[in-house]
>>> print(open('my_file_16.cif').read())   # mmCIF, C-alpha atoms (C1' of nucleotides)
data_data
#
loop_
_atom_site.label_atom_id
_atom_site.label_comp_id
_atom_site.auth_asym_id
_atom_site.auth_seq_id
_atom_site.Cartn_x
_atom_site.Cartn_y
_atom_site.Cartn_z
CA MET A 10 9.62 -3.35 13.27
CA ARG A 11 6.22 -4.59 12.22
CA TRP A 12 4.10 -2.96 9.59
CA SER A 13 1.37 -2.44 12.17
CA GLU A 14 3.79 -0.28 14.16
CA ILE A 15 4.83 2.19 11.49
CA ASP A 16 2.56 4.82 12.99
CA GLN A 17 5.19 5.02 15.72
CA GLN A 18 7.70 6.46 13.27
CA ASP A 19 8.16 10.18 13.64
CA CYS A 20 7.36 10.78 9.97
CA SER A 21 4.24 12.09 8.28
CA VAL A 22 4.59 9.74 5.35
CA ALA A 23 4.62 6.78 7.73
CA GLN A 24 1.63 8.23 9.58
CA ALA A 25 -0.25 8.55 6.31
CA LEU A 26 0.68 5.05 5.20
CA SER A 27 -0.44 3.61 8.51
CA ILE A 28 -3.94 4.57 7.37
CA VAL A 29 -3.87 4.25 3.59
CA GLY A 30 -0.84 2.02 3.04
CA ASP A 31 -2.46 -1.40 3.29
CA ARG A 32 -3.24 -3.58 0.31
CA TRP A 33 -6.41 -2.48 -1.53
CA THR A 34 -6.96 0.67 0.51
CA LEU A 35 -5.83 3.12 -2.17
CA LEU A 36 -7.87 1.25 -4.76
CA ILE A 37 -10.93 1.63 -2.56
CA LEU A 38 -10.26 5.36 -2.36
CA ARG A 39 -9.62 5.59 -6.10
CA ASP A 40 -13.11 4.21 -6.65
CA ALA A 41 -14.63 6.38 -3.95
CA PHE A 42 -13.41 9.35 -6.01
CA MET A 43 -15.17 7.78 -8.98
CA ARG A 44 -18.44 7.90 -7.01
CA VAL A 45 -18.51 4.26 -5.94
CA ARG A 46 -20.26 4.08 -2.58
CA ARG A 47 -21.68 0.65 -1.83
CA PHE A 48 -20.14 -2.52 -0.57
CA GLU A 49 -21.03 -4.73 -3.51
CA ASP A 50 -19.86 -2.05 -5.95
CA PHE A 51 -16.51 -1.67 -4.21
CA LEU A 52 -16.16 -5.45 -4.34
CA GLU A 53 -16.65 -5.40 -8.08
CA SER A 54 -14.60 -2.30 -8.86
CA THR A 55 -11.59 -2.91 -6.65
CA GLY A 56 -11.45 -6.70 -6.95
CA ALA A 57 -10.62 -6.95 -3.25
CA PRO A 58 -11.69 -10.10 -1.42
CA ARG A 59 -14.87 -9.69 0.60
CA PRO A 60 -13.41 -9.99 4.10
CA VAL A 61 -10.54 -7.66 3.23
CA LEU A 62 -12.90 -5.03 1.85
CA SER A 63 -15.00 -5.28 4.96
CA GLU A 64 -12.03 -4.75 7.23
CA ARG A 65 -10.57 -1.90 5.15
CA LEU A 66 -13.83 0.04 5.01
CA LYS A 67 -14.12 -0.31 8.76
CA THR A 68 -10.68 1.16 9.42
CA LEU A 69 -11.18 3.94 6.88
CA VAL A 70 -14.36 4.90 8.71
CA ASP A 71 -12.65 4.61 12.10
CA ASN A 72 -9.89 6.91 10.91
CA GLY A 73 -12.25 9.49 9.49
CA VAL A 74 -11.41 9.02 5.81
CA LEU A 75 -14.85 7.68 4.91
CA GLU A 76 -18.20 8.05 6.59
CA LYS A 77 -20.93 5.47 6.68
CA GLN A 78 -24.33 6.88 5.78
CA GLN A 79 -27.64 5.13 5.83
CA TYR A 80 -29.36 5.11 2.45
CA SER A 81 -32.22 2.78 3.37
CA GLU A 82 -34.09 1.60 6.44
CA ARG A 83 -35.88 -1.74 6.15
CA PRO A 84 -33.61 -3.24 5.31
CA ASP A 85 -30.84 -1.21 6.91
CA ARG A 86 -28.37 -0.30 4.20
CA PHE A 87 -25.33 1.96 4.34
CA GLU A 88 -22.99 3.57 1.90
CA TYR A 89 -19.51 4.97 2.23
CA ARG A 90 -18.61 8.53 1.31
CA LEU A 91 -15.39 10.48 1.38
CA THR A 92 -15.08 12.94 4.25
CA GLU A 93 -13.15 16.17 3.93
CA MET A 94 -10.12 14.22 5.14
CA GLY A 95 -10.74 11.66 2.44
CA LEU A 96 -11.26 14.23 -0.30
CA ASP A 97 -7.95 15.71 0.68
CA LEU A 98 -6.23 12.50 -0.48
CA TRP A 99 -6.94 13.56 -4.06
CA PRO A 100 -3.36 14.68 -4.69
CA VAL A 101 -2.05 11.26 -3.67
CA LEU A 102 -4.32 9.47 -6.13
CA ILE A 103 -3.70 12.00 -8.88
CA SER A 104 0.05 11.65 -8.44
CA LEU A 105 -0.17 7.88 -8.69
CA LEU A 106 -2.38 8.20 -11.76
CA ARG A 107 0.03 10.60 -13.41
CA TRP A 108 3.02 8.37 -12.65
CA GLY A 109 1.28 5.28 -13.94
CA ASP A 110 0.25 7.08 -17.12
CA LYS A 111 3.74 8.38 -17.69
CA TRP A 112 5.85 5.32 -16.96
CA MET A 113 3.52 2.45 -17.72
CA PRO A 114 1.42 3.89 -20.52
CA ASP A 115 -1.36 1.83 -22.00
CA LYS A 116 -1.27 1.36 -25.77
CA ASP A 117 -4.84 2.66 -26.00
CA GLY A 118 -4.03 5.84 -24.11
CA PRO A 119 -4.87 6.74 -20.51
CA PRO A 120 -7.90 4.83 -19.16
CA VAL A 121 -8.97 7.80 -17.08
CA ILE A 122 -8.68 11.49 -17.83
CA VAL A 123 -9.10 14.39 -15.48
CA SER A 124 -10.61 17.73 -16.31
CA HIS A 125 -10.63 21.04 -14.49
CA LYS A 126 -14.18 22.26 -14.02
CA GLY A 127 -12.93 25.83 -13.75
CA CYS A 128 -11.29 26.13 -17.15
CA GLY A 129 -12.79 23.09 -18.84
CA HIS A 130 -9.48 21.64 -19.99
CA VAL A 131 -8.37 18.04 -19.70
CA VAL A 132 -5.34 18.36 -17.48
CA VAL A 133 -2.52 16.55 -15.75
CA PRO A 134 -2.22 18.48 -12.49
CA GLU A 135 1.35 19.29 -11.45
CA LEU A 136 2.90 20.45 -8.20
CA ALA A 137 3.74 24.12 -7.96
CA CYS A 138 5.44 26.28 -5.34
CA PRO A 139 2.79 28.14 -3.34
CA GLU A 140 5.30 30.95 -2.71
CA CYS A 141 6.62 31.73 -6.15
CA GLY A 142 4.22 29.76 -8.34
CA GLU A 143 6.93 27.87 -10.26
CA TRP A 144 6.34 24.29 -11.33
CA LEU A 145 8.20 21.84 -9.13
CA THR A 146 10.14 18.62 -9.71
CA ALA A 147 12.12 16.45 -7.31
CA THR A 148 15.43 18.16 -8.05
CA ASP A 149 14.04 21.64 -7.31
CA MET A 150 13.26 20.64 -3.77
CA GLU A 151 15.13 19.82 -0.63
CA ALA A 152 13.64 17.81 2.23
CA HIS A 153 15.04 18.45 5.64
CA ARG A 154 14.50 16.56 8.90
CA ARG A 155 13.94 19.00 11.74
CA ARG A 156 14.80 16.60 14.54
CA SER A 157 16.49 13.24 14.87
CA MET A 158 14.46 10.12 14.16
CA GLN A 159 12.70 8.84 17.24
CA ARG A 160 9.79 6.81 18.41
CA ALA A 161 6.87 9.17 18.29
CA MET B 1476 -8.74 -11.06 -7.67
CA ARG B 1477 -5.39 -11.35 -5.98
CA TRP B 1478 -3.22 -8.41 -5.07
CA SER B 1479 -0.48 -9.82 -7.29
CA GLU B 1480 -2.83 -9.47 -10.25
CA ILE B 1481 -3.81 -5.82 -9.91
CA ASP B 1482 -1.48 -4.90 -12.75
CA GLN B 1483 -4.13 -6.51 -14.96
CA GLN B 1484 -6.60 -3.76 -14.09
CA ASP B 1485 -6.99 -1.20 -16.84
CA CYS B 1486 -6.16 1.66 -14.48
CA SER B 1487 -3.00 3.70 -14.06
CA VAL B 1488 -3.38 3.90 -10.31
CA ALA B 1489 -3.49 0.10 -10.14
CA GLN B 1490 -0.48 -0.09 -12.45
CA ALA B 1491 1.43 2.27 -10.20
CA LEU B 1492 0.44 0.41 -7.06
CA SER B 1493 1.49 -2.90 -8.57
CA ILE B 1494 5.04 -1.49 -8.33
CA VAL B 1495 4.98 0.78 -5.30
CA GLY B 1496 1.91 -0.44 -3.43
CA ASP B 1497 3.45 -3.21 -1.35
CA ARG B 1498 4.18 -2.87 2.33
CA TRP B 1499 7.42 -0.96 3.02
CA THR B 1500 8.01 0.08 -0.59
CA LEU B 1501 6.96 3.70 -0.21
CA LEU B 1502 8.97 3.98 3.00
CA ILE B 1503 12.03 2.74 1.11
CA LEU B 1504 11.43 5.41 -1.52
CA ARG B 1505 10.83 8.06 1.12
CA ASP B 1506 14.29 7.34 2.48
CA ALA B 1507 15.85 7.16 -0.96
CA PHE B 1508 14.69 10.76 -1.40
CA MET B 1509 16.45 11.53 1.89
CA ARG B 1510 19.68 10.23 0.36
CA VAL B 1511 19.68 6.79 1.96
CA ARG B 1512 21.41 4.39 -0.42
CA ARG B 1513 22.74 1.31 1.29
CA PHE B 1514 21.13 -1.89 2.42
CA GLU B 1515 22.00 -1.60 6.09
CA ASP B 1516 20.92 2.05 6.15
CA PHE B 1517 17.56 1.23 4.56
CA LEU B 1518 17.13 -1.50 7.17
CA GLU B 1519 17.64 1.01 9.94
CA SER B 1520 15.68 3.88 8.45
CA THR B 1521 12.63 2.02 7.17
CA GLY B 1522 12.41 -0.61 9.91
CA ALA B 1523 11.55 -3.24 7.30
CA PRO B 1524 12.56 -6.82 8.04
CA ARG B 1525 15.72 -7.92 6.26
CA PRO B 1526 14.23 -10.43 3.81
CA VAL B 1527 11.43 -8.04 2.92
CA LEU B 1528 13.84 -5.21 2.23
CA SER B 1529 15.92 -7.50 0.07
CA GLU B 1530 12.94 -8.56 -2.00
CA ARG B 1531 11.54 -5.01 -2.33
CA LEU B 1532 14.83 -3.53 -3.50
CA LYS B 1533 15.09 -6.27 -6.07
CA THR B 1534 11.68 -5.56 -7.55
CA LEU B 1535 12.24 -1.79 -7.49
CA VAL B 1536 15.43 -2.35 -9.48
CA ASP B 1537 13.70 -4.79 -11.83
CA ASN B 1538 11.00 -2.23 -12.48
CA GLY B 1539 13.42 0.61 -13.12
CA VAL B 1540 12.60 2.71 -10.05
CA LEU B 1541 16.01 2.24 -8.46
CA GLU B 1542 19.35 1.35 -9.95
CA LYS B 1543 22.04 -0.70 -8.28
CA GLN B 1544 25.47 0.86 -8.52
CA GLN B 1545 28.76 -0.53 -7.38
CA TYR B 1546 30.50 1.66 -4.83
CA SER B 1547 33.30 -0.75 -3.93
CA GLU B 1548 35.13 -3.72 -5.42
CA ARG B 1549 36.84 -6.03 -2.96
CA PRO B 1550 34.55 -6.53 -1.36
CA ASP B 1551 31.83 -6.05 -3.95
CA ARG B 1552 29.40 -3.52 -2.55
CA PHE B 1553 26.41 -1.88 -4.18
CA GLU B 1554 24.11 1.00 -3.43
CA TYR B 1555 20.65 1.89 -4.62
CA ARG B 1556 19.83 5.18 -6.31
CA LEU B 1557 16.65 6.66 -7.67
CA THR B 1558 16.37 6.61 -11.46
CA GLU B 1559 14.49 9.29 -13.38
CA MET B 1560 11.42 7.09 -13.02
CA GLY B 1561 12.01 6.93 -9.28
CA LEU B 1562 12.61 10.67 -8.94
CA ASP B 1563 9.31 11.19 -10.67
CA LEU B 1564 7.54 9.60 -7.68
CA TRP B 1565 8.30 12.76 -5.72
CA PRO B 1566 4.74 14.08 -6.02
CA VAL B 1567 3.37 10.88 -4.51
CA LEU B 1568 5.61 11.12 -1.48
CA ILE B 1569 5.07 14.86 -1.10
CA SER B 1570 1.31 14.37 -1.23
CA LEU B 1571 1.45 11.73 1.46
CA LEU B 1572 3.70 13.95 3.57
CA ARG B 1573 1.35 16.88 3.19
CA TRP B 1574 -1.69 14.77 4.07
CA GLY B 1575 0.00 13.27 7.12
CA ASP B 1576 1.08 16.72 8.30
CA LYS B 1577 -2.38 18.13 7.84
CA TRP B 1578 -4.55 15.40 9.31
CA MET B 1579 -2.27 13.72 11.80
CA PRO B 1580 -0.12 16.60 12.94
CA ASP B 1581 2.65 15.99 15.45
CA LYS B 1582 2.55 18.15 18.57
CA ASP B 1583 6.15 19.18 17.90
CA GLY B 1584 5.40 20.34 14.36
CA PRO B 1585 6.22 18.60 11.09
CA PRO B 1586 9.19 16.21 11.39
CA VAL B 1587 10.32 17.04 7.85
CA ILE B 1588 10.11 20.30 5.98
CA VAL B 1589 10.55 20.90 2.30
CA SER B 1590 12.12 23.92 0.71
CA HIS B 1591 12.18 25.18 -2.84
CA LYS B 1592 15.75 25.74 -3.97
CA GLY B 1593 14.57 28.26 -6.56
CA CYS B 1594 12.96 30.76 -4.22
CA GLY B 1595 14.41 29.58 -0.92
CA HIS B 1596 11.08 29.31 0.87
CA VAL B 1597 9.93 26.46 3.04
CA VAL B 1598 6.88 25.28 1.14
CA VAL B 1599 4.02 22.84 1.03
CA PRO B 1600 3.71 22.14 -2.70
CA GLU B 1601 0.16 22.11 -4.04
CA LEU B 1602 -1.40 20.87 -7.25
CA ALA B 1603 -2.16 23.46 -9.87
CA CYS B 1604 -3.85 23.39 -13.26
CA PRO B 1605 -1.19 23.40 -15.99
CA GLU B 1606 -3.63 25.13 -18.36
CA CYS B 1607 -4.93 28.02 -16.30
CA GLY B 1608 -2.55 27.96 -13.32
CA GLU B 1609 -5.27 27.85 -10.67
CA TRP B 1610 -4.75 25.88 -7.48
CA LEU B 1611 -6.66 22.63 -7.51
CA THR B 1612 -8.65 20.64 -4.98
CA ALA B 1613 -10.71 17.48 -5.35
CA THR B 1614 -13.97 19.30 -5.92
CA ASP B 1615 -12.52 21.37 -8.79
CA MET B 1616 -11.78 18.27 -10.76
CA GLU B 1617 -13.69 15.59 -12.60
CA ALA B 1618 -12.26 12.17 -13.40
CA HIS B 1619 -13.66 10.39 -16.40
CA ARG B 1620 -13.17 6.83 -17.57
CA ARG B 1621 -12.59 6.76 -21.31
CA ARG B 1622 -13.51 3.14 -21.86
CA SER B 1623 -15.27 0.42 -19.87
CA MET B 1624 -13.29 -1.46 -17.25
CA GLN B 1625 -11.58 -4.49 -18.71
CA ARG B 1626 -8.69 -6.84 -18.22
CA ALA B 1627 -5.69 -4.98 -19.63
"C1'" DT C 1280 43.93 -16.79 13.47
"C1'" DC C 1281 40.03 -14.64 15.11
"C1'" DC C 1282 36.72 -10.76 15.03
"C1'" DT C 1283 34.08 -7.41 12.38
"C1'" DT C 1284 31.34 -5.40 8.49
"C1'" DG C 1285 28.04 -5.16 4.70
"C1'" DA C 1286 24.86 -7.49 2.21
"C1'" DG C 1287 22.34 -10.65 1.77
"C1'" DT C 1288 19.80 -15.94 2.33
"C1'" DT C 1289 17.49 -19.56 4.97
"C1'" DC C 1290 14.29 -21.16 8.22
"C1'" DA C 1291 10.23 -21.88 10.92
"C1'" DG C 1292 6.49 -19.74 13.31
"C1'" DA C 1293 2.95 -15.93 13.17
"C1'" DA C 1294 -0.04 -13.05 10.70
"C1'" DA C 1295 -2.56 -11.68 6.62
"C1'" DT C 1296 -4.83 -12.87 2.49
"C1'" DC C 1297 -7.94 -15.55 -0.23
"C1'" DA C 1298 -12.08 -18.13 -2.28
"C1'" DA C 1299 -15.97 -20.26 -1.10
"C1'" DA C 1300 -19.66 -21.02 1.80
"C1'" DC C 1301 -22.65 -19.27 5.20
"C1'" DT C 1302 -25.66 -15.73 7.78
"C1'" DC C 1303 -29.02 -12.20 8.42
"C1'" DA C 1304 -32.62 -8.94 7.44
"C1'" DC C 1305 -35.44 -7.93 4.49
"C1'" DT C 1306 -38.32 -7.72 -0.34
"C1'" DA C 1307 -40.64 -9.68 -4.22
"C1'" DA C 1308 -42.86 -13.49 -6.67
"C1'" DG C 1309 -45.88 -17.14 -7.06
"C1'" DC D 1442 -47.05 -18.11 3.13
"C1'" DT D 1443 -43.39 -20.52 0.99
"C1'" DT D 1444 -39.61 -19.85 -1.93
"C1'" DA D 1445 -36.11 -17.07 -4.37
"C1'" DG D 1446 -33.33 -13.01 -4.45
"C1'" DT D 1447 -30.52 -8.92 -2.74
"C1'" DG D 1448 -27.10 -6.32 -0.16
"C1'" DA D 1449 -23.93 -6.48 3.28
"C1'" DG D 1450 -21.47 -8.58 5.62
"C1'" DT D 1451 -18.97 -13.30 8.73
"C1'" DT D 1452 -16.89 -17.64 9.07
"C1'" DT D 1453 -13.86 -21.19 7.65
"C1'" DG D 1454 -9.79 -23.41 6.31
"C1'" DA D 1455 -6.08 -23.44 2.97
"C1'" DT D 1456 -2.46 -20.61 1.07
"C1'" DT D 1457 0.73 -16.63 0.96
"C1'" DT D 1458 3.35 -13.24 3.18
"C1'" DC D 1459 5.65 -11.44 6.73
"C1'" DT D 1460 8.75 -11.57 10.58
"C1'" DG D 1461 12.81 -12.28 13.76
"C1'" DA D 1462 16.61 -14.92 14.46
"C1'" DA D 1463 20.24 -17.42 12.78
"C1'" DC D 1464 23.27 -18.40 9.08
"C1'" DT D 1465 26.37 -17.42 4.85
"C1'" DC D 1466 29.87 -15.27 2.22
"C1'" DA D 1467 33.66 -12.20 0.88
"C1'" DA D 1468 36.81 -9.37 2.50
"C1'" DG D 1469 39.42 -6.27 5.98
"C1'" DG D 1470 41.81 -5.56 10.33
"C1'" DA D 1471 44.16 -6.69 14.86
#
>>> encode(input="my_file_16.cif", output="structure tokens")
Amino acid sequence: MRWSEIDQQDCSVAQALSIVGDRWTLLILRDAFMRVRRFEDFLESTGAPRPVLSERLKTLVDNGVLEKQQYSERPDRFEYRLTEMGLDLWPVLISLLRWGDKWMPDKDGPPVIVSHKGCGHVVVPELACPECGEWLTATDMEAHRRRSMQRA
Amino acid sequence: MRWSEIDQQDCSVAQALSIVGDRWTLLILRDAFMRVRRFEDFLESTGAPRPVLSERLKTLVDNGVLEKQQYSERPDRFEYRLTEMGLDLWPVLISLLRWGDKWMPDKDGPPVIVSHKGCGHVVVPELACPECGEWLTATDMEAHRRRSMQRA
DNA sequence: TCCTTGAGTTCAGAAATCAAACTCACTAAG
DNA sequence: CTTAGTGAGTTTGATTTCTGAACTCAAGGA
């Protein structure tokens, strides 16, 4: 199977990765959450090569993760903003951040911290059970396939 | 900058992606969480090409995400299991699963469901604030860089 | 002895990535 | 009104990566 065909797997993780699983894409989104919006700024902040950035932004827009908004006429200039679909990737980025901080800590402490506007604390968000409210780890959970693997 | 150099970025997300951000790697981990352990089974379940799978497993082991355990002498046979570091990637996979289910739903319902052993419910884990316990979304949070971007 | 299995490695062609240079539509400076 | 600069891309050609198919190796079984 080719990477470009993983969206044919009957699996939501594969579906998600078919959109955000390419090189540089999650770094672009990381920076979008940090309020980066313009092409030249993404170039600088992500370090992605120009043609790759161009292609990635295009597919993120096509898939509804970013939207392209005009911020100047004459000359025509556009910027890229997270859509609701894009904002909803926050947990993915936060989980990667948390894992990186935990297992590959920097000697000078975490480069980025996250605070909760509601309570004002600097926090490391954790997964909890929406039914009983308990904090969750891998061993508390059980994943179950509801039907045999197939070509979607 | 090259993709192979993103571990030089002073950013935990980039650090994390330098280990799990390559093509196929997160699909391998997805299946590891579903109790897949052997080379030929990973081949089948992920769809990754043979040489790619071989290389990815090697770097996951080298980085401490998986461990290689012997399950047979004569002939020598090994299997791959998640380490504590690997198990701790659960939130990343769950977040991708949740996002895929929400924004690219399958007409037959979610292919995989997750249940909480503690309370027995089928759940969709969500991020919560460890300080005040409130459920969190992107707009409730603020990410803040603690020092200027640099080469780590 | 020959066939099969599991776990890879090797190989050569195809696809993706990369850095550098180029384009295009303007604006600003002299 | 000619030249330089800016932002947002394309184009180009060399380099890496990926990919499928074939091959290897150690052992087990018929």
>>> calpha_fit_and_write(input="my_file_16.cif", fixed="chain B", moving="chain A", output="compact mmCIF listing (two decimals) with C-alpha atoms, in the coordinates of the input")
# COMPACT_ATOMS: atom_id res chain seq x y z
CA MET A 10 -8.73 -11.06 -7.61
CA ARG A 11 -5.35 -11.36 -5.98
CA TRP A 12 -3.18 -8.44 -5.07
CA SER A 13 -0.46 -9.81 -7.33
CA GLU A 14 -2.85 -9.47 -10.27
CA ILE A 15 -3.82 -5.83 -9.91
CA ASP A 16 -1.51 -4.90 -12.76
CA GLN A 17 -4.15 -6.51 -14.96
CA GLN A 18 -6.62 -3.76 -14.10
CA ASP A 19 -7.00 -1.21 -16.84
CA CYS A 20 -6.16 1.66 -14.49
CA SER A 21 -3.01 3.70 -14.07
CA VAL A 22 -3.38 3.89 -10.32
CA ALA A 23 -3.49 0.09 -10.14
CA GLN A 24 -0.48 -0.11 -12.46
CA ALA A 25 1.43 2.26 -10.21
CA LEU A 26 0.43 0.40 -7.07
CA SER A 27 1.50 -2.90 -8.58
CA ILE A 28 5.03 -1.49 -8.34
CA VAL A 29 4.98 0.78 -5.29
CA GLY A 30 1.91 -0.47 -3.43
CA ASP A 31 3.46 -3.23 -1.34
CA ARG A 32 4.22 -2.90 2.35
CA TRP A 33 7.42 -0.92 3.02
CA THR A 34 8.02 0.08 -0.59
CA LEU A 35 6.96 3.71 -0.22
CA LEU A 36 8.98 3.98 2.98
CA ILE A 37 12.03 2.75 1.10
CA LEU A 38 11.43 5.42 -1.53
CA ARG A 39 10.83 8.09 1.12
CA ASP A 40 14.29 7.35 2.47
CA ALA A 41 15.84 7.15 -0.98
CA PHE A 42 14.69 10.77 -1.41
CA MET A 43 16.44 11.52 1.87
CA ARG A 44 19.70 10.24 0.34
CA VAL A 45 19.69 6.81 1.95
CA ARG A 46 21.41 4.41 -0.43
CA ARG A 47 22.75 1.32 1.29
CA PHE A 48 21.14 -1.86 2.43
CA GLU A 49 22.01 -1.58 6.11
CA ASP A 50 20.91 2.06 6.15
CA PHE A 51 17.56 1.26 4.57
CA LEU A 52 17.13 -1.48 7.17
CA GLU A 53 17.65 1.03 9.94
CA SER A 54 15.67 3.91 8.45
CA THR A 55 12.63 2.05 7.18
CA GLY A 56 12.42 -0.59 9.91
CA ALA A 57 11.55 -3.21 7.30
CA PRO A 58 12.55 -6.80 8.03
CA ARG A 59 15.72 -7.90 6.27
CA PRO A 60 14.23 -10.41 3.83
CA VAL A 61 11.41 -8.03 2.92
CA LEU A 62 13.83 -5.20 2.23
CA SER A 63 15.91 -7.49 0.08
CA GLU A 64 12.93 -8.54 -1.99
CA ARG A 65 11.54 -5.00 -2.34
CA LEU A 66 14.84 -3.52 -3.49
CA LYS A 67 15.10 -6.27 -6.06
CA THR A 68 11.68 -5.54 -7.56
CA LEU A 69 12.26 -1.78 -7.50
CA VAL A 70 15.44 -2.34 -9.48
CA ASP A 71 13.70 -4.77 -11.84
CA ASN A 72 11.00 -2.20 -12.49
CA GLY A 73 13.42 0.62 -13.12
CA VAL A 74 12.60 2.72 -10.06
CA LEU A 75 16.02 2.25 -8.47
CA GLU A 76 19.36 1.35 -9.95
CA LYS A 77 22.04 -0.70 -8.28
CA GLN A 78 25.47 0.88 -8.52
CA GLN A 79 28.74 -0.52 -7.37
CA TYR A 80 30.49 1.67 -4.81
CA SER A 81 33.29 -0.74 -3.94
CA GLU A 82 35.12 -3.70 -5.44
CA ARG A 83 36.84 -6.04 -2.99
CA PRO A 84 34.55 -6.56 -1.39
CA ASP A 85 31.81 -6.05 -3.95
CA ARG A 86 29.38 -3.52 -2.55
CA PHE A 87 26.38 -1.86 -4.17
CA GLU A 88 24.09 1.01 -3.43
CA TYR A 89 20.64 1.90 -4.63
CA ARG A 90 19.82 5.20 -6.31
CA LEU A 91 16.64 6.67 -7.68
CA THR A 92 16.36 6.62 -11.46
CA GLU A 93 14.49 9.29 -13.38
CA MET A 94 11.42 7.09 -13.01
CA GLY A 95 12.00 6.95 -9.29
CA LEU A 96 12.60 10.68 -8.94
CA ASP A 97 9.31 11.20 -10.68
CA LEU A 98 7.53 9.60 -7.70
CA TRP A 99 8.29 12.75 -5.71
CA PRO A 100 4.74 14.08 -6.01
CA VAL A 101 3.35 10.87 -4.52
CA LEU A 102 5.61 11.12 -1.47
CA ILE A 103 5.06 14.84 -1.10
CA SER A 104 1.30 14.37 -1.22
CA LEU A 105 1.44 11.71 1.47
CA LEU A 106 3.68 13.94 3.57
CA ARG A 107 1.33 16.87 3.20
CA TRP A 108 -1.71 14.76 4.08
CA GLY A 109 -0.02 13.27 7.11
CA ASP A 110 1.07 16.70 8.31
CA LYS A 111 -2.39 18.12 7.84
CA TRP A 112 -4.57 15.39 9.31
CA MET A 113 -2.29 13.70 11.80
CA PRO A 114 -0.14 16.59 12.96
CA ASP A 115 2.61 15.97 15.45
CA LYS A 116 2.54 18.12 18.58
CA ASP A 117 6.14 19.18 17.92
CA GLY A 118 5.38 20.32 14.39
CA PRO A 119 6.21 18.59 11.11
CA PRO A 120 9.19 16.21 11.39
CA VAL A 121 10.30 17.03 7.87
CA ILE A 122 10.09 20.30 5.98
CA VAL A 123 10.55 20.90 2.30
CA SER A 124 12.14 23.92 0.72
CA HIS A 125 12.21 25.19 -2.83
CA LYS A 126 15.78 25.72 -3.96
CA GLY A 127 14.60 28.24 -6.54
CA CYS A 128 12.99 30.75 -4.21
CA GLY A 129 14.44 29.57 -0.92
CA HIS A 130 11.11 29.31 0.88
CA VAL A 131 9.93 26.44 3.04
CA VAL A 132 6.89 25.27 1.14
CA VAL A 133 4.02 22.83 1.02
CA PRO A 134 3.73 22.12 -2.70
CA GLU A 135 0.17 22.11 -4.04
CA LEU A 136 -1.38 20.85 -7.26
CA ALA A 137 -2.14 23.46 -9.87
CA CYS A 138 -3.82 23.37 -13.28
CA PRO A 139 -1.15 23.38 -15.99
CA GLU A 140 -3.61 25.12 -18.34
CA CYS A 141 -4.88 28.01 -16.30
CA GLY A 142 -2.51 27.94 -13.33
CA GLU A 143 -5.24 27.85 -10.66
CA TRP A 144 -4.72 25.87 -7.48
CA LEU A 145 -6.64 22.61 -7.52
CA THR A 146 -8.64 20.63 -4.97
CA ALA A 147 -10.68 17.45 -5.34
CA THR A 148 -13.95 19.29 -5.95
CA ASP A 149 -12.50 21.37 -8.80
CA MET A 150 -11.76 18.26 -10.78
CA GLU A 151 -13.67 15.61 -12.60
CA ALA A 152 -12.24 12.18 -13.40
CA HIS A 153 -13.66 10.42 -16.39
CA ARG A 154 -13.18 6.84 -17.57
CA ARG A 155 -12.59 6.77 -21.31
CA ARG A 156 -13.52 3.14 -21.82
CA SER A 157 -15.28 0.43 -19.86
CA MET A 158 -13.31 -1.47 -17.24
CA GLN A 159 -11.60 -4.51 -18.69
CA ARG A 160 -8.74 -6.86 -18.19
CA ALA A 161 -5.77 -5.07 -19.65
>>> interface_residues(input="my_file_16.cif", of="chain C", to="chain B", cutoff="8 Å", atoms="all atoms listed in the file", output="NGL selection string")
:C and (1285-1288 or 1297)
>>> interface_residues(input="my_file_16.cif", of="chain D", to="chain A", cutoff="12 Å", atoms="only C-alpha atoms (C1' of nucleotides)", output="JSON, numbers by chain")
{"D": [1447, 1448, 1449, 1450, 1451, 1452, 1453, 1459, 1460, 1461]}
>>> resolve_selection(input="my_file_16.cif", expression="the PyMOL selection byres ((chain C and resi 1301-1307) around 7)", output="number ranges by chain")
A: 83-84; C: 1300, 1308
>>> atom_distance(input="my_file_16.cif", atom1="CA of Leu69 (chain A)", atom2="C1' of DA1295 (chain C)")
17.8 Å
>>> atom_distance(input="my_file_16.cif", atom1="CA of Asp1506 (chain B)", atom2="C1' of DT1458 (chain D)")
23.3 Å
>>> resolve_selection(input="my_file_16.cif", expression="the PyMOL selection byres ((chain C and resi 1283) around 10)", output="list in words")
DC1281, DC1282 and DT1284 of chain C; DG1469 and DG1470 of chain D
>>> write_last_selection(input="my_file_16.cif", atoms="C-alpha atoms (C1' of nucleotides)", output="compact mmCIF listing (two decimals), in the frame of the given file")
# COMPACT_ATOMS: atom_id res chain seq x y z
C1' DC C 1281 40.03 -14.64 15.11
C1' DC C 1282 36.72 -10.76 15.03
C1' DT C 1284 31.34 -5.40 8.49
C1' DG D 1469 39.42 -6.27 5.98
C1' DG D 1470 41.81 -5.56 10.33
>>> atom_distance(input="my_file_16.cif", atom1="CA of Asn1538 (chain B)", atom2="C1' of DT1456 (chain D)")
26.5 Å
